[in-house]
Every structure is written in structure tokens, then in C-alpha cells.
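Below is the file run24.pdb, which contains PDB, N, CA and C atoms.
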```pdb
ATOM      1  N   MET A 874      64.991   9.398 -27.033  1.00  0.00           N
ATOM      2  CA  MET A 874      64.434   8.456 -27.970  1.00  0.00           C
ATOM      3  C   MET A 874      64.198   7.129 -27.236  1.00  0.00           C
ATOM      4  N   LYS A 875      63.084   6.470 -27.575  1.00  0.00           N
ATOM      5  CA  LYS A 875      62.728   5.187 -26.974  1.00  0.00           C
ATOM      6  C   LYS A 875      62.471   4.158 -28.068  1.00  0.00           C
ATOM      7  N   ASP A 876      62.690   2.899 -27.724  1.00  0.00           N
ATOM      8  CA  ASP A 876      62.460   1.805 -28.651  1.00  0.00           C
ATOM      9  C   ASP A 876      61.084   1.201 -28.399  1.00  0.00           C
ATOM     10  N   VAL A 877      60.313   1.020 -29.477  1.00  0.00           N
ATOM     11  CA  VAL A 877      58.962   0.455 -29.366  1.00  0.00           C
ATOM     12  C   VAL A 877      58.749  -0.626 -30.417  1.00  0.00           C
ATOM     13  N   ARG A 878      57.788  -1.504 -30.151  1.00  0.00           N
ATOM     14  CA  ARG A 878      57.293  -2.472 -31.128  1.00  0.00           C
ATOM     15  C   ARG A 878      55.826  -2.160 -31.341  1.00  0.00           C
ATOM     16  N   PHE A 879      55.426  -1.940 -32.588  1.00  0.00           N
ATOM     17  CA  PHE A 879      54.042  -1.615 -32.897  1.00  0.00           C
ATOM     18  C   PHE A 879      53.180  -2.868 -32.825  1.00  0.00           C
ATOM     19  N   THR A 880      52.063  -2.765 -32.124  1.00  0.00           N
ATOM     20  CA  THR A 880      51.160  -3.904 -31.931  1.00  0.00           C
ATOM     21  C   THR A 880      50.005  -3.895 -32.926  1.00  0.00           C
ATOM     22  N   THR A 881      49.958  -2.876 -33.754  1.00  0.00           N
ATOM     23  CA  THR A 881      48.943  -2.755 -34.798  1.00  0.00           C
ATOM     24  C   THR A 881      49.499  -1.847 -35.895  1.00  0.00           C
ATOM     25  N   THR A 882      48.951  -1.927 -37.074  1.00  0.00           N
ATOM     26  CA  THR A 882      49.351  -1.023 -38.143  1.00  0.00           C
ATOM     27  C   THR A 882      48.727   0.344 -37.885  1.00  0.00           C
ATOM     28  N   VAL A 883      49.548   1.385 -37.944  1.00  0.00           N
ATOM     29  CA  VAL A 883      49.058   2.738 -37.657  1.00  0.00           C
ATOM     30  C   VAL A 883      49.623   3.742 -38.646  1.00  0.00           C
ATOM     31  N   GLU A 884      48.931   4.850 -38.752  1.00  0.00           N
ATOM     32  CA  GLU A 884      49.467   6.043 -39.394  1.00  0.00           C
ATOM     33  C   GLU A 884      49.518   7.074 -38.274  1.00  0.00           C
ATOM     34  N   HIS A 885      50.718   7.511 -37.922  1.00  0.00           N
ATOM     35  CA  HIS A 885      50.893   8.328 -36.721  1.00  0.00           C
ATOM     36  C   HIS A 885      51.748   9.552 -37.024  1.00  0.00           C
ATOM     37  N   ARG A 886      51.422  10.650 -36.347  1.00  0.00           N
ATOM     38  CA  ARG A 886      52.189  11.893 -36.477  1.00  0.00           C
ATOM     39  C   ARG A 886      53.245  11.942 -35.385  1.00  0.00           C
ATOM     40  N   PHE A 887      54.478  12.150 -35.776  1.00  0.00           N
ATOM     41  CA  PHE A 887      55.582  12.320 -34.842  1.00  0.00           C
ATOM     42  C   PHE A 887      56.019  13.768 -34.883  1.00  0.00           C
ATOM     43  N   VAL A 888      56.197  14.372 -33.719  1.00  0.00           N
ATOM     44  CA  VAL A 888      56.731  15.725 -33.618  1.00  0.00           C
ATOM     45  C   VAL A 888      58.035  15.607 -32.849  1.00  0.00           C
ATOM     46  N   HIS A 889      59.115  16.094 -33.464  1.00  0.00           N
ATOM     47  CA  HIS A 889      60.425  15.908 -32.837  1.00  0.00           C
ATOM     48  C   HIS A 889      61.395  16.988 -33.280  1.00  0.00           C
ATOM     49  N   ASP A 890      62.521  17.076 -32.565  1.00  0.00           N
ATOM     50  CA  ASP A 890      63.575  18.011 -32.940  1.00  0.00           C
ATOM     51  C   ASP A 890      64.114  17.652 -34.316  1.00  0.00           C
ATOM     52  N   LYS A 891      64.587  18.649 -35.042  1.00  0.00           N
ATOM     53  CA  LYS A 891      65.105  18.424 -36.391  1.00  0.00           C
ATOM     54  C   LYS A 891      66.269  17.443 -36.409  1.00  0.00           C
ATOM     55  N   ASP A 892      67.046  17.387 -35.323  1.00  0.00           N
ATOM     56  CA  ASP A 892      68.224  16.510 -35.308  1.00  0.00           C
ATOM     57  C   ASP A 892      67.914  15.090 -34.835  1.00  0.00           C
ATOM     58  N   GLU A 893      66.686  14.809 -34.390  1.00  0.00           N
ATOM     59  CA  GLU A 893      66.305  13.456 -34.007  1.00  0.00           C
ATOM     60  C   GLU A 893      65.899  12.671 -35.260  1.00  0.00           C
ATOM     61  N   VAL A 894      66.279  11.398 -35.285  1.00  0.00           N
ATOM     62  CA  VAL A 894      65.992  10.564 -36.444  1.00  0.00           C
ATOM     63  C   VAL A 894      65.194   9.346 -36.006  1.00  0.00           C
ATOM     64  N   ILE A 895      64.061   9.100 -36.628  1.00  0.00           N
ATOM     65  CA  ILE A 895      63.272   7.896 -36.367  1.00  0.00           C
ATOM     66  C   ILE A 895      63.992   6.752 -37.069  1.00  0.00           C
ATOM     67  N   THR A 896      64.320   5.703 -36.298  1.00  0.00           N
ATOM     68  CA  THR A 896      65.194   4.647 -36.798  1.00  0.00           C
ATOM     69  C   THR A 896      64.519   3.283 -36.743  1.00  0.00           C
ATOM     70  N   PRO A 897      64.477   2.540 -37.862  1.00  0.00           N
ATOM     71  CA  PRO A 897      63.943   1.174 -37.840  1.00  0.00           C
ATOM     72  C   PRO A 897      64.959   0.211 -37.220  1.00  0.00           C
ATOM     73  N   HIS A 898      64.451  -0.822 -36.521  1.00  0.00           N
ATOM     74  CA  HIS A 898      65.332  -1.809 -35.890  1.00  0.00           C
ATOM     75  C   HIS A 898      65.205  -3.204 -36.482  1.00  0.00           C
ATOM     76  N   ASN A 899      64.108  -3.517 -37.144  1.00  0.00           N
ATOM     77  CA  ASN A 899      63.957  -4.863 -37.695  1.00  0.00           C
ATOM     78  C   ASN A 899      63.503  -4.777 -39.150  1.00  0.00           C
ATOM     79  N   ASP A 900      63.448  -5.924 -39.810  1.00  0.00           N
ATOM     80  CA  ASP A 900      63.078  -5.949 -41.230  1.00  0.00           C
ATOM     81  C   ASP A 900      61.666  -5.437 -41.475  1.00  0.00           C
ATOM     82  N   VAL A 901      60.757  -5.714 -40.539  1.00  0.00           N
ATOM     83  CA  VAL A 901      59.377  -5.241 -40.709  1.00  0.00           C
ATOM     84  C   VAL A 901      59.365  -3.720 -40.816  1.00  0.00           C
ATOM     85  N   ALA A 902      60.132  -3.070 -39.957  1.00  0.00           N
ATOM     86  CA  ALA A 902      60.193  -1.606 -39.980  1.00  0.00           C
ATOM     87  C   ALA A 902      60.969  -1.100 -41.190  1.00  0.00           C
ATOM     88  N   ALA A 903      62.101  -1.743 -41.479  1.00  0.00           N
ATOM     89  CA  ALA A 903      62.948  -1.285 -42.584  1.00  0.00           C
ATOM     90  C   ALA A 903      62.237  -1.406 -43.924  1.00  0.00           C
ATOM     91  N   LEU A 904      61.449  -2.457 -44.087  1.00  0.00           N
ATOM     92  CA  LEU A 904      60.780  -2.697 -45.362  1.00  0.00           C
ATOM     93  C   LEU A 904      59.373  -2.116 -45.443  1.00  0.00           C
ATOM     94  N   GLY A 905      58.700  -1.968 -44.284  1.00  0.00           N
ATOM     95  CA  GLY A 905      57.293  -1.581 -44.321  1.00  0.00           C
ATOM     96  C   GLY A 905      56.956  -0.200 -43.816  1.00  0.00           C
ATOM     97  N   ALA A 906      57.755   0.342 -42.910  1.00  0.00           N
ATOM     98  CA  ALA A 906      57.449   1.666 -42.362  1.00  0.00           C
ATOM     99  C   ALA A 906      57.920   2.736 -43.338  1.00  0.00           C
ATOM    100  N   ARG A 907      57.099   3.773 -43.493  1.00  0.00           N
ATOM    101  CA  ARG A 907      57.506   4.836 -44.400  1.00  0.00           C
ATOM    102  C   ARG A 907      56.926   6.173 -43.954  1.00  0.00           C
ATOM    103  N   GLU A 908      57.692   7.191 -44.202  1.00  0.00           N
ATOM    104  CA  GLU A 908      57.235   8.551 -43.933  1.00  0.00           C
ATOM    105  C   GLU A 908      56.361   8.982 -45.101  1.00  0.00           C
ATOM    106  N   VAL A 909      55.164   9.481 -44.801  1.00  0.00           N
ATOM    107  CA  VAL A 909      54.257   9.890 -45.873  1.00  0.00           C
ATOM    108  C   VAL A 909      54.133  11.405 -46.000  1.00  0.00           C
ATOM    109  N   ALA A 910      54.564  12.144 -44.970  1.00  0.00           N
ATOM    110  CA  ALA A 910      54.525  13.609 -45.031  1.00  0.00           C
ATOM    111  C   ALA A 910      55.491  14.172 -44.001  1.00  0.00           C
ATOM    112  N   ARG A 911      56.020  15.354 -44.277  1.00  0.00           N
ATOM    113  CA  ARG A 911      56.944  16.026 -43.353  1.00  0.00           C
ATOM    114  C   ARG A 911      56.809  17.528 -43.531  1.00  0.00           C
ATOM    115  N   ALA A 912      56.856  18.253 -42.417  1.00  0.00           N
ATOM    116  CA  ALA A 912      56.816  19.717 -42.481  1.00  0.00           C
ATOM    117  C   ALA A 912      57.524  20.291 -41.261  1.00  0.00           C
ATOM    118  N   GLU A 913      58.305  21.326 -41.491  1.00  0.00           N
ATOM    119  CA  GLU A 913      58.916  22.040 -40.377  1.00  0.00           C
ATOM    120  C   GLU A 913      57.832  22.855 -39.679  1.00  0.00           C
ATOM    121  N   ILE A 914      57.945  22.968 -38.375  1.00  0.00           N
ATOM    122  CA  ILE A 914      56.998  23.756 -37.591  1.00  0.00           C
ATOM    123  C   ILE A 914      57.627  25.131 -37.406  1.00  0.00           C
ATOM    124  N   HIS A 915      57.023  26.149 -38.007  1.00  0.00           N
ATOM    125  CA  HIS A 915      57.580  27.501 -38.045  1.00  0.00           C
ATOM    126  C   HIS A 915      57.877  28.033 -36.651  1.00  0.00           C
ATOM    127  N   ASP A 916      58.954  28.802 -36.577  1.00  0.00           N
ATOM    128  CA  ASP A 916      59.397  29.465 -35.350  1.00  0.00           C
ATOM    129  C   ASP A 916      59.795  28.483 -34.250  1.00  0.00           C
ATOM    130  N   THR A 917      60.130  27.248 -34.622  1.00  0.00           N
ATOM    131  CA  THR A 917      60.621  26.255 -33.668  1.00  0.00           C
ATOM    132  C   THR A 917      61.739  25.458 -34.337  1.00  0.00           C
ATOM    133  N   ASP A 918      62.359  24.598 -33.573  1.00  0.00           N
ATOM    134  CA  ASP A 918      63.342  23.653 -34.117  1.00  0.00           C
ATOM    135  C   ASP A 918      62.713  22.278 -34.256  1.00  0.00           C
ATOM    136  N   LEU A 919      61.396  22.238 -34.466  1.00  0.00           N
ATOM    137  CA  LEU A 919      60.674  20.972 -34.524  1.00  0.00           C
ATOM    138  C   LEU A 919      60.230  20.633 -35.948  1.00  0.00           C
ATOM    139  N   VAL A 920      60.025  19.341 -36.148  1.00  0.00           N
ATOM    140  CA  VAL A 920      59.515  18.811 -37.406  1.00  0.00           C
ATOM    141  C   VAL A 920      58.294  17.969 -37.086  1.00  0.00           C
ATOM    142  N   GLY A 921      57.289  18.048 -37.920  1.00  0.00           N
ATOM    143  CA  GLY A 921      56.142  17.160 -37.822  1.00  0.00           C
ATOM    144  C   GLY A 921      56.198  16.197 -39.000  1.00  0.00           C
ATOM    145  N   ALA A 922      56.126  14.899 -38.718  1.00  0.00           N
ATOM    146  CA  ALA A 922      56.199  13.902 -39.779  1.00  0.00           C
ATOM    147  C   ALA A 922      55.117  12.854 -39.554  1.00  0.00           C
ATOM    148  N   VAL A 923      54.444  12.452 -40.616  1.00  0.00           N
ATOM    149  CA  VAL A 923      53.443  11.394 -40.537  1.00  0.00           C
ATOM    150  C   VAL A 923      54.067  10.137 -41.113  1.00  0.00           C
ATOM    151  N   TRP A 924      53.971   9.040 -40.335  1.00  0.00           N
ATOM    152  CA  TRP A 924      54.514   7.750 -40.744  1.00  0.00           C
ATOM    153  C   TRP A 924      53.411   6.720 -40.801  1.00  0.00           C
ATOM    154  N   LYS A 925      53.466   5.834 -41.773  1.00  0.00           N
ATOM    155  CA  LYS A 925      52.624   4.640 -41.835  1.00  0.00           C
ATOM    156  C   LYS A 925      53.538   3.496 -41.389  1.00  0.00           C
ATOM    157  N   VAL A 926      53.126   2.810 -40.313  1.00  0.00           N
ATOM    158  CA  VAL A 926      53.982   1.790 -39.703  1.00  0.00           C
ATOM    159  C   VAL A 926      53.199   0.492 -39.554  1.00  0.00           C
ATOM    160  N   PRO A 927      53.751  -0.635 -40.048  1.00  0.00           N
ATOM    161  CA  PRO A 927      53.044  -1.911 -39.964  1.00  0.00           C
ATOM    162  C   PRO A 927      53.185  -2.565 -38.584  1.00  0.00           C
ATOM    163  N   GLU A 928      52.227  -3.412 -38.271  1.00  0.00           N
ATOM    164  CA  GLU A 928      52.278  -4.202 -37.033  1.00  0.00           C
ATOM    165  C   GLU A 928      53.575  -5.004 -37.009  1.00  0.00           C
ATOM    166  N   GLY A 929      54.208  -5.039 -35.848  1.00  0.00           N
ATOM    167  CA  GLY A 929      55.443  -5.801 -35.669  1.00  0.00           C
ATOM    168  C   GLY A 929      56.709  -5.003 -35.903  1.00  0.00           C
ATOM    169  N   ALA A 930      56.577  -3.792 -36.431  1.00  0.00           N
ATOM    170  CA  ALA A 930      57.760  -2.960 -36.670  1.00  0.00           C
ATOM    171  C   ALA A 930      58.362  -2.536 -35.344  1.00  0.00           C
ATOM    172  N   GLU A 931      59.689  -2.621 -35.258  1.00  0.00           N
ATOM    173  CA  GLU A 931      60.420  -2.150 -34.088  1.00  0.00           C
ATOM    174  C   GLU A 931      61.222  -0.934 -34.517  1.00  0.00           C
ATOM    175  N   MET A 932      60.990   0.178 -33.808  1.00  0.00           N
ATOM    176  CA  MET A 932      61.609   1.437 -34.204  1.00  0.00           C
ATOM    177  C   MET A 932      61.997   2.255 -32.990  1.00  0.00           C
ATOM    178  N   GLN A 933      62.970   3.147 -33.196  1.00  0.00           N
ATOM    179  CA  GLN A 933      63.317   4.136 -32.182  1.00  0.00           C
ATOM    180  C   GLN A 933      62.597   5.416 -32.552  1.00  0.00           C
ATOM    181  N   VAL A 934      61.787   5.928 -31.609  1.00  0.00           N
ATOM    182  CA  VAL A 934      60.969   7.111 -31.860  1.00  0.00           C
ATOM    183  C   VAL A 934      61.152   8.106 -30.715  1.00  0.00           C
ATOM    184  N   PRO A 935      60.769   9.368 -30.909  1.00  0.00           N
ATOM    185  CA  PRO A 935      60.888  10.362 -29.834  1.00  0.00           C
ATOM    186  C   PRO A 935      60.137   9.933 -28.570  1.00  0.00           C
ATOM    187  N   ASP A 936      60.682  10.295 -27.416  1.00  0.00           N
ATOM    188  CA  ASP A 936      60.142   9.881 -26.114  1.00  0.00           C
ATOM    189  C   ASP A 936      58.642  10.144 -25.970  1.00  0.00           C
ATOM    190  N   LYS A 937      58.217  11.385 -26.234  1.00  0.00           N
ATOM    191  CA  LYS A 937      56.804  11.728 -26.055  1.00  0.00           C
ATOM    192  C   LYS A 937      55.915  10.924 -26.997  1.00  0.00           C
ATOM    193  N   CYS A 938      56.397  10.697 -28.215  1.00  0.00           N
ATOM    194  CA  CYS A 938      55.621   9.901 -29.177  1.00  0.00           C
ATOM    195  C   CYS A 938      55.515   8.456 -28.708  1.00  0.00           C
ATOM    196  N   ALA A 939      56.605   7.910 -28.192  1.00  0.00           N
ATOM    197  CA  ALA A 939      56.588   6.529 -27.683  1.00  0.00           C
ATOM    198  C   ALA A 939      55.588   6.410 -26.542  1.00  0.00           C
ATOM    199  N   ASP A 940      55.618   7.357 -25.617  1.00  0.00           N
ATOM    200  CA  ASP A 940      54.698   7.322 -24.473  1.00  0.00           C
ATOM    201  C   ASP A 940      53.246   7.382 -24.943  1.00  0.00           C
ATOM    202  N   LYS A 941      52.961   8.214 -25.937  1.00  0.00           N
ATOM    203  CA  LYS A 941      51.595   8.354 -26.454  1.00  0.00           C
ATOM    204  C   LYS A 941      51.159   7.079 -27.183  1.00  0.00           C
ATOM    205  N   LEU A 942      52.045   6.496 -27.995  1.00  0.00           N
ATOM    206  CA  LEU A 942      51.719   5.254 -28.699  1.00  0.00           C
ATOM    207  C   LEU A 942      51.401   4.122 -27.723  1.00  0.00           C
ATOM    208  N   VAL A 943      52.176   4.030 -26.648  1.00  0.00           N
ATOM    209  CA  VAL A 943      51.937   2.999 -25.630  1.00  0.00           C
ATOM    210  C   VAL A 943      50.617   3.274 -24.925  1.00  0.00           C
ATOM    211  N   ALA A 944      50.358   4.532 -24.553  1.00  0.00           N
ATOM    212  CA  ALA A 944      49.115   4.886 -23.860  1.00  0.00           C
ATOM    213  C   ALA A 944      47.888   4.576 -24.719  1.00  0.00           C
ATOM    214  N   LEU A 945      48.011   4.753 -26.033  1.00  0.00           N
ATOM    215  CA  LEU A 945      46.899   4.467 -26.940  1.00  0.00           C
ATOM    216  C   LEU A 945      46.754   2.970 -27.237  1.00  0.00           C
ATOM    217  N   GLY A 946      47.742   2.181 -26.838  1.00  0.00           N
ATOM    218  CA  GLY A 946      47.712   0.740 -27.091  1.00  0.00           C
ATOM    219  C   GLY A 946      48.206   0.352 -28.470  1.00  0.00           C
ATOM    220  N   TYR A 947      48.894   1.264 -29.157  1.00  0.00           N
ATOM    221  CA  TYR A 947      49.393   0.998 -30.504  1.00  0.00           C
ATOM    222  C   TYR A 947      50.793   0.389 -30.511  1.00  0.00           C
ATOM    223  N   ALA A 948      51.493   0.468 -29.372  1.00  0.00           N
ATOM    224  CA  ALA A 948      52.871  -0.032 -29.312  1.00  0.00           C
ATOM    225  C   ALA A 948      53.211  -0.428 -27.884  1.00  0.00           C
ATOM    226  N   GLU A 949      54.320  -1.148 -27.764  1.00  0.00           N
ATOM    227  CA  GLU A 949      54.840  -1.513 -26.456  1.00  0.00           C
ATOM    228  C   GLU A 949      56.308  -1.114 -26.406  1.00  0.00           C
ATOM    229  N   LEU A 950      56.775  -0.718 -25.220  1.00  0.00           N
ATOM    230  CA  LEU A 950      58.164  -0.340 -25.069  1.00  0.00           C
ATOM    231  C   LEU A 950      59.050  -1.580 -25.142  1.00  0.00           C
ATOM    232  N   LEU A 951      60.208  -1.424 -25.758  1.00  0.00           N
ATOM    233  CA  LEU A 951      61.192  -2.500 -25.809  1.00  0.00           C
ATOM    234  C   LEU A 951      62.323  -2.177 -24.861  1.00  0.00           C
ATOM    235  N   ASP A 952      62.850  -3.193 -24.217  1.00  0.00           N
ATOM    236  CA  ASP A 952      64.019  -3.029 -23.358  1.00  0.00           C
ATOM    237  C   ASP A 952      65.216  -3.564 -24.137  1.00  0.00           C
ATOM    238  N   VAL A 953      65.791  -2.693 -24.980  1.00  0.00           N
ATOM    239  CA  VAL A 953      66.870  -3.097 -25.865  1.00  0.00           C
ATOM    240  C   VAL A 953      68.107  -3.494 -25.058  1.00  0.00           C
ATOM    241  N   ALA A 954      68.368  -2.853 -23.944  1.00  0.00           N
ATOM    242  CA  ALA A 954      69.536  -3.175 -23.130  1.00  0.00           C
ATOM    243  C   ALA A 954      69.443  -4.605 -22.598  1.00  0.00           C
ATOM    244  N   ALA A 955      68.268  -5.034 -22.212  1.00  0.00           N
ATOM    245  CA  ALA A 955      68.108  -6.395 -21.681  1.00  0.00           C
ATOM    246  C   ALA A 955      68.262  -7.441 -22.771  1.00  0.00           C
ATOM    247  N   ALA A 956      67.908  -7.091 -23.999  1.00  0.00           N
ATOM    248  CA  ALA A 956      68.019  -8.030 -25.116  1.00  0.00           C
ATOM    249  C   ALA A 956      69.460  -8.221 -25.572  1.00  0.00           C
ATOM    250  N   ALA A 957      70.310  -7.250 -25.295  1.00  0.00           N
ATOM    251  CA  ALA A 957      71.704  -7.318 -25.750  1.00  0.00           C
ATOM    252  C   ALA A 957      72.564  -8.235 -24.925  1.00  0.00           C
TER     253      ALA A 957
END
```
So that I can check it, write out the structure of this file as C-alpha cells.
Amino acid sequence: MKDVRFTTTVEHRFVHDKDEVITPHNDVAALGAREVARAEIHDTDLVGAVWKVPEGAEMQVPDKCADKLVALGYAELLDVAAAA
């Protein structure tokens, strides 16, 4: 899991293990981000979930999803260890 800050409002599909939890880190995420759909992916231990996330939300998301969001320019990686 990686920590990101969204640089724009997006509706994004996350695919992750059933035991991974997408976690909000700030008020923008806690109050504004929401899951709009969820479905188990048959014959796997994966879940597909669609989230609507506002600009400025800081969240912990699956590694591959974080990398894709950054590559698309929708988010930036956060260095939570350096902030602590």
C-alpha cells in the first residue's frame, strides 16, 4: 500500500486483495471520498472497487493503483515517514 495525494477529482477503479483496505488520511478524504461500487473478481482473491475521490484527498491505496494514478497525473506520492 502507498500513500498518495490526489491532484484532481477523479472516479477511479481500484483492484486489490480482499484483505487490503483503502484508508483516508485527511479530512478531505474522510469527508469527500466514497466508494460507489464494489464487486469480487471471480476465481481470485481480488476485489474491484470504484471510488469517487476529491482533489486534495490523501489516502492509502494499493501499490499498483498508486503507481497508475501518479503516471496518469491524477495523484502524487506522499512520503509519510518524512512527515512524521
Would you list the contacts of A:Val909 as number ranges by chain, taking every protein, DNA or RNA residue within 7 Å and counting only N, CA and C atoms, but skipping same-chain residues closer than 2 positions in sequence? A: 907, 911, 922-925
Please provide as a compact mmCIF listing (two decimals) with N, CA and C atoms, in the frame of the given file all residues within 6 Å of stretch 892-905 of chain A, with the sequence filter that same-chain residues fewer than 3 positions apart are discarded (counting only C-alpha atoms).
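The resulting result_17.txt:
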```
# COMPACT_ATOMS: atom_id res chain seq x y z
N ALA A 930 56.58 -3.79 -36.43
CA ALA A 930 57.76 -2.96 -36.67
C ALA A 930 58.36 -2.54 -35.34
N GLU A 931 59.69 -2.62 -35.26
CA GLU A 931 60.42 -2.15 -34.09
C GLU A 931 61.22 -0.93 -34.52
N MET A 932 60.99 0.18 -33.81
CA MET A 932 61.61 1.44 -34.20
C MET A 932 62.00 2.26 -32.99
N GLN A 933 62.97 3.15 -33.20
CA GLN A 933 63.32 4.14 -32.18
C GLN A 933 62.60 5.42 -32.55
N VAL A 934 61.79 5.93 -31.61
CA VAL A 934 60.97 7.11 -31.86
C VAL A 934 61.15 8.11 -30.72
```
Return as a PyMOL selection string the set of residues that the PyMOL selection byres ((chain A and resi 880) around 5) yields on the displayed structure. chain A and resi 878-879+881-882+928-929+947-948
Produce the centre coordinates and the three edge lengths, each in Å to one decimal, of the box along x, y and z that contains all listed atoms of stretch 874-893 of chain A with 3 Å added on each side, as JSON.
```
{"center_x": 58.5, "center_y": 7.4, "center_z": -33.2, "size_x": 25.5, "size_y": 28.6, "size_z": 18.4}
```
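Atom CA of A:Asp918 is found 27.1 Å from atom N of A:Glu949.
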Please write as a list in words the full residue list that the PyMOL selection byres ((chain A and resi 935) around 6.5) yields on this file. Met874, Lys875, His889, Ile895, Gln933, Val934, Asp936, Lys937, Cys938, Ala939 and Asp940 of chain A
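Between atom CA of A:Asp876 and atom CA of A:Glu913 there is a distance of 23.7 Å.
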Any chance you could list, as a PyMOL selection string, the residues in chain A that come up strand (DSSP E or B) when DSSP is run on the backbone? chain A and resi 875-879+883-890+896-897+907-914+919-926+931-934+948-950
Export of prior selection with N, CA and C atoms as a CSV table (one decimal), in the frame of the given file:
```csv
chain,number,residue,atom,x,y,z
A,875,LYS,N,63.1,6.5,-27.6
A,875,LYS,CA,62.7,5.2,-27.0
A,875,LYS,C,62.5,4.2,-28.1
A,876,ASP,N,62.7,2.9,-27.7
A,876,ASP,CA,62.5,1.8,-28.7
A,876,ASP,C,61.1,1.2,-28.4
A,877,VAL,N,60.3,1.0,-29.5
A,877,VAL,CA,59.0,0.5,-29.4
A,877,VAL,C,58.7,-0.6,-30.4
A,878,ARG,N,57.8,-1.5,-30.2
A,878,ARG,CA,57.3,-2.5,-31.1
A,878,ARG,C,55.8,-2.2,-31.3
A,879,PHE,N,55.4,-1.9,-32.6
A,879,PHE,CA,54.0,-1.6,-32.9
A,879,PHE,C,53.2,-2.9,-32.8
A,883,VAL,N,49.5,1.4,-37.9
A,883,VAL,CA,49.1,2.7,-37.7
A,883,VAL,C,49.6,3.7,-38.6
A,884,GLU,N,48.9,4.8,-38.8
A,884,GLU,CA,49.5,6.0,-39.4
A,884,GLU,C,49.5,7.1,-38.3
A,885,HIS,N,50.7,7.5,-37.9
A,885,HIS,CA,50.9,8.3,-36.7
A,885,HIS,C,51.7,9.6,-37.0
A,886,ARG,N,51.4,10.6,-36.3
A,886,ARG,CA,52.2,11.9,-36.5
A,886,ARG,C,53.2,11.9,-35.4
A,887,PHE,N,54.5,12.2,-35.8
A,887,PHE,CA,55.6,12.3,-34.8
A,887,PHE,C,56.0,13.8,-34.9
A,888,VAL,N,56.2,14.4,-33.7
A,888,VAL,CA,56.7,15.7,-33.6
A,888,VAL,C,58.0,15.6,-32.8
A,889,HIS,N,59.1,16.1,-33.5
A,889,HIS,CA,60.4,15.9,-32.8
A,889,HIS,C,61.4,17.0,-33.3
A,890,ASP,N,62.5,17.1,-32.6
A,890,ASP,CA,63.6,18.0,-32.9
A,890,ASP,C,64.1,17.7,-34.3
A,896,THR,N,64.3,5.7,-36.3
A,896,THR,CA,65.2,4.6,-36.8
A,896,THR,C,64.5,3.3,-36.7
A,897,PRO,N,64.5,2.5,-37.9
A,897,PRO,CA,63.9,1.2,-37.8
A,897,PRO,C,65.0,0.2,-37.2
A,907,ARG,N,57.1,3.8,-43.5
A,907,ARG,CA,57.5,4.8,-44.4
A,907,ARG,C,56.9,6.2,-44.0
A,908,GLU,N,57.7,7.2,-44.2
A,908,GLU,CA,57.2,8.6,-43.9
A,908,GLU,C,56.4,9.0,-45.1
A,909,VAL,N,55.2,9.5,-44.8
A,909,VAL,CA,54.3,9.9,-45.9
A,909,VAL,C,54.1,11.4,-46.0
A,910,ALA,N,54.6,12.1,-45.0
A,910,ALA,CA,54.5,13.6,-45.0
A,910,ALA,C,55.5,14.2,-44.0
A,911,ARG,N,56.0,15.4,-44.3
A,911,ARG,CA,56.9,16.0,-43.4
A,911,ARG,C,56.8,17.5,-43.5
A,912,ALA,N,56.9,18.3,-42.4
A,912,ALA,CA,56.8,19.7,-42.5
A,912,ALA,C,57.5,20.3,-41.3
A,913,GLU,N,58.3,21.3,-41.5
A,913,GLU,CA,58.9,22.0,-40.4
A,913,GLU,C,57.8,22.9,-39.7
A,914,ILE,N,57.9,23.0,-38.4
A,914,ILE,CA,57.0,23.8,-37.6
A,914,ILE,C,57.6,25.1,-37.4
A,919,LEU,N,61.4,22.2,-34.5
A,919,LEU,CA,60.7,21.0,-34.5
A,919,LEU,C,60.2,20.6,-35.9
A,920,VAL,N,60.0,19.3,-36.1
A,920,VAL,CA,59.5,18.8,-37.4
A,920,VAL,C,58.3,18.0,-37.1
A,921,GLY,N,57.3,18.0,-37.9
A,921,GLY,CA,56.1,17.2,-37.8
A,921,GLY,C,56.2,16.2,-39.0
A,922,ALA,N,56.1,14.9,-38.7
A,922,ALA,CA,56.2,13.9,-39.8
A,922,ALA,C,55.1,12.9,-39.6
A,923,VAL,N,54.4,12.5,-40.6
A,923,VAL,CA,53.4,11.4,-40.5
A,923,VAL,C,54.1,10.1,-41.1
A,924,TRP,N,54.0,9.0,-40.3
A,924,TRP,CA,54.5,7.8,-40.7
A,924,TRP,C,53.4,6.7,-40.8
A,925,LYS,N,53.5,5.8,-41.8
A,925,LYS,CA,52.6,4.6,-41.8
A,925,LYS,C,53.5,3.5,-41.4
A,926,VAL,N,53.1,2.8,-40.3
A,926,VAL,CA,54.0,1.8,-39.7
A,926,VAL,C,53.2,0.5,-39.6
A,931,GLU,N,59.7,-2.6,-35.3
A,931,GLU,CA,60.4,-2.2,-34.1
A,931,GLU,C,61.2,-0.9,-34.5
A,932,MET,N,61.0,0.2,-33.8
A,932,MET,CA,61.6,1.4,-34.2
A,932,MET,C,62.0,2.3,-33.0
A,933,GLN,N,63.0,3.1,-33.2
A,933,GLN,CA,63.3,4.1,-32.2
A,933,GLN,C,62.6,5.4,-32.6
A,934,VAL,N,61.8,5.9,-31.6
A,934,VAL,CA,61.0,7.1,-31.9
A,934,VAL,C,61.2,8.1,-30.7
A,948,ALA,N,51.5,0.5,-29.4
A,948,ALA,CA,52.9,0.0,-29.3
A,948,ALA,C,53.2,-0.4,-27.9
A,949,GLU,N,54.3,-1.1,-27.8
A,949,GLU,CA,54.8,-1.5,-26.5
A,949,GLU,C,56.3,-1.1,-26.4
A,950,LEU,N,56.8,-0.7,-25.2
A,950,LEU,CA,58.2,-0.3,-25.1
A,950,LEU,C,59.0,-1.6,-25.1
```
Per DSSP on the backbone, filter chain A down to the residues in helix (DSSP H, G or I) and report them as a PyMOL selection string. chain A and resi 900-905+936-945+953-956
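Closest approach to A:Val888 among A:Pro927, A:Gly921, A:Gly946, A:Asp916: A:Gly921, based on all atoms listed in the file.
Taking atom N of A:Leu951 and atom CA of A:Glu884 as endpoints, the distance between them is 18.9 Å.
Distances from A:Leu950, A:Lys891, A:Leu942, A:Ala906 to A:Leu919 were compared using only N, CA and C atoms, and the smallest one belongs to A:Lys891.
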